[in-house]
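S.K.: This is the structure I have questions about; it appears just below.
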Amino acid sequence: MARRASDRRRNRRDRLAAGIVRLGGAGVVLAVAFLAAFLVREALPLAARPEIHDDRARVAPLGGDGLLFGVDPFVEAGWRLTAEGVLVLRDLRDGATLAEARPFDLAAGERLVAARLAPSGGVVAAATSTGRVALAEFRVVPEYGDDLARTYRFSEAKVRWLRDEADGAPITRLDGDVEDDRLWLAYAVEGEARVHLVRGRLKTNRLTGAERLSVKDLAADLPAPAADLALLDHGGLVVGLSDGAVLGFKPDRRFRTLDAMPTTAASGLEPGSGGVLAVRSLVGRGSVLVVRVGDVLEHHLPRPREDATLELYLAHAWEAPVRGLRDVAVSPRQRVFFALGEDELRIGQSTAGRLYGRSPLAPGWRGVLLAPREDVLAVWQGDGAVRLEPVELHYPGFTWETWFTRIQYEGLPEPAYVWQSTGGTESYEPKVSLVPLVVGTLKGALWALLPSIPIALLGALYCARFLRGRAREAVKSFVELLAGIPSVVLGFLGALYLAPKMNDRYLSVLLLPLVLALAALLLGALWARLPIQWRRRFHGGRAAWLLLPLFFLLADFLLRSGPGLEGWLLGEPLTAWLRDRFEVPFEQRNALVVGLAMGFAVTPLVFTLAEDAFRNVPRDLSEASLALGATEWQTAVRVVVPPALPGVVAASMIGLGRAVGETMIVLMATGNTPITSWNPFRGFRTLSANLAVELPEAEKGAGLYRTLFLSALLLFAMTFVVNLAAEWVRVRGRKKL
């Protein structure tokens, strides 16, 4: 009776333990699934396409005729510039006139004949009927009353005349902007087919505080009348001619000549032959969009050449993006544009060269712009009203192309994989290629596994099959203790000790494995010639302990003589020799340093798992082999290793997963530069290190923030696949065994 009660209690405890184990396993699975689902949830919005909600549009009165119009960031007030030089500000909620201003000091009978708003807003270039040209800076300023209601007014306008001679020359096209302390303006004179680039600099008298505007004007003849033009950064200029040619100009460093840029195109592209209708700069003025007759839209940008000059490069071309293509409107914050047709528009992104879905556009429109906060598209209609359509751009600059293909970025000499997530201004073009990070992750894992896998596997085989008793347990315990060293300590030692110490000892470090292997072979041959009675004193694999002092002395001698050895063999350090002879670049914190530092983190893990795999091979197999006359080494290699091979492969793959996910060692022991070079003497950046560096500074919900989560999902998938494959190999091998 008591025995049955005891059996029941034992069964209950067994069932409880089994339930707890199942619950723990299910919890692990749920935790992994939750992590994957969270990463997918944060990265999934990147797949959303831009949308224009024309069904939620509202129409507001803006007034009568004019040359330009704009809206405030909250899209509650709108302004228009009339030909008489009057700025009229109206409330877009009730149509009331809020303010009027006359920033341009026009003479009697003088009118504005041309005007253009800068891509980022706030600067207007204007030309008068008498040939004068000016830049005006102004803003729409909100004011808050006691009830916190917003009203609006114009700020005090700054108008600077960059061409104040009233010679009556008709100016047909112009563009202007303010860059740092310089004012840039370009205009074309129709009658002479000439283009002018004007630079103004504000100079302040330190004694009186008075400002003086210094103006310089460069001109160049055109082979045909200019249809339109647009400024580039630092005084560059692109002119589209009526005959279809697109020309680029750049002033020299001393601003004495206006030099023409040669033109080129991407592989498989040819410039269109139709006449030019419009040329518009994208924000940042690093590239332009050209609208041609025949519904062709092109993306041109200046890029540097080997001789330090610039060429005008055709990066993308779209045929018939919309019906009746007339113009483009650009975003004030990013490389997004709207191709405008007679009755439809289409959203595009210039970096990736993508076009998105079509949306209807009110026929007879006079102007289109995107609000400063990029949430409303304003369409100025022929009747003086403005149609306000809500917009959701989402993340058009973050696409499959920008993550995984070579992109021709503004300012780079050729298409490339580039990760450079931040810049000095809001108009910076994000470069978010994940390829350098993936290459860096694989490169770090490769150079970490190269030294650690052979050492760990050979050490595990020696410990499992040659050592006996206390020696084996002591070695295994010591190696397992190494796994407890924090990664930050290893990274600290790699950055502050290994990197400078190896600077002139790379030849010694690379020769060390070969020298130790040759020494082991020679000593093994010598050991085999010793009398048998001497060798019997060292049994159970203890003879190898005699090699340790010799190996330490040999390694110490080789490393200490590293600088002298490199000077004797090469005449200079190895890194300088490689740089001079083969143009191999070198960085002090590089992949070799990381490989040695990360080896201390990976080796104990691989050693422990491989040693268990070797020891799990049934001893009957090895004893039978020894009984048949095989040596210990023959038994280990031919009898023990084949059954343990699945476990060994699994251990190596788990070590690979550990190396792929390592963060602190890579973060501290490399230059942390996102490059695609496999050169072991250069640094790199891994996915995990990039997350540690970028995520704390990324704006929540922004494109960079979600791209980082996408990279985390990619890293999760890589480690999950590696660990899953390792477990599959282990289980399959166990079944065969």
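Residues in the structure tokens are numbered from 1 in each chain, the chains being A, B, ... in the order shown, and ligands are numbered from 1 in the order shown.
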Considering only C-alpha atoms, give me a table of residues in region 391-493 of chain A that are at most 12 Å from region 33-47 of chain A, with the closest atom pair and distance in Å for each, as a tab-separated table.

M.R.:
residue	atom	partner	partner_atom	distance
A:Glu392	CA	A:Pro45	CA	11.8
A:Leu393	CA	A:Leu46	CA	10.7
A:His394	CA	A:Leu46	CA	7.3
A:Tyr395	CA	A:Leu46	CA	5.9
A:Pro396	CA	A:Leu46	CA	8.2
A:Gly397	CA	A:Leu46	CA	9.5
A:Phe398	CA	A:Leu46	CA	6.9
A:Thr399	CA	A:Leu46	CA	7.6
A:Trp400	CA	A:Ala47	CA	9.3
A:Trp403	CA	A:Leu46	CA	11.5

S.K.: Taking the chain letters and numbering used in this document, name the residues of region 70-141 of chain A that DSSP puts in strand (DSSP E or B), as number ranges by chain.

M.R.: A: 70-71, 77-81, 87-91, 97-101, 112-117, 123-128, 133-137, 140-141

S.K.: Quick one: residues within 9 Å of Arg280 (chain A), only C-alpha atoms, excluding same-chain residues fewer than 3 positions away - as a ChimeraX atom specification?

M.R.: /A:119,228-231,287-291,327-330

S.K.: Find the distance between CA of Thr151 (chain A) and CA of Gly63 (chain A) and write it in Å to one decimal.

M.R.: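 Rounded to one decimal, the two atoms are 18.3 Å apart.
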
S.K.: Excluding Gly236 (chain A) and residues on its chain fewer than 3 positions from it, collect all residues at most 9 Å away from it, counting only C-alpha atoms, and give them as an mmCIF file with C-alpha atoms, in the first residue's frame.

M.R.:
data_model
loop_
_atom_site.group_PDB
_atom_site.id
_atom_site.type_symbol
_atom_site.label_atom_id
_atom_site.label_comp_id
_atom_site.auth_asym_id
_atom_site.auth_seq_id
_atom_site.Cartn_x
_atom_site.Cartn_y
_atom_site.Cartn_z
ATOM 1 C CA LEU A 197 25.416 83.252 -62.796
ATOM 2 C CA ALA A 230 18.048 75.597 -62.210
ATOM 3 C CA LEU A 231 20.815 76.138 -59.679
ATOM 4 C CA LEU A 232 22.944 73.390 -58.154
ATOM 5 C CA ASP A 233 24.820 73.609 -54.877
ATOM 6 C CA GLY A 248 25.855 72.025 -67.062
ATOM 7 C CA PHE A 249 28.069 74.882 -65.870
ATOM 8 C CA LYS A 250 30.327 75.334 -62.851
ATOM 9 C CA PRO A 251 32.321 78.427 -61.808
ATOM 10 C CA ARG A 285 20.368 71.320 -55.013
ATOM 11 C CA PRO A 302 26.830 66.437 -61.368
#

S.K.: Just the residues within 8 Å of Gly200 (chain A), please, counting only C-alpha atoms, with nothing from its chain fewer than 2 positions along; format it as a PyMOL selection string.

M.R.: chain A and resi 162+182-184+198+202+213-216

S.K.: Which of these, A:Leu345, A:Leu645, A:Gly367, A:Leu258, has the shortest distance to Arg80 (chain A) once you count only C-alpha atoms?

M.R.: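 The shortest atom-to-atom distance to Arg80 (chain A) comes from A:Gly367.
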
S.K.: Report as a ChimeraX atom specification all protein, DNA and RNA residues lying within 7 Å of region 633-636 of chain A, evaluated on only C-alpha atoms, omitting residues in the same chain fewer than 6 positions from it.

M.R.: /A:465,622,625-626

S.K.: Could you write out that same residue set with C-alpha atoms as a compact mmCIF listing (two decimals), in the first residue's frame?

M.R.:
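Final output, selection01.txt:
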# COMPACT_ATOMS: atom_id res chain seq x y z
CA ARG A 465 40.44 11.36 -26.21
CA SER A 622 37.49 3.32 -29.60
CA SER A 625 39.88 0.01 -32.54
CA LEU A 626 42.71 -0.03 -30.03
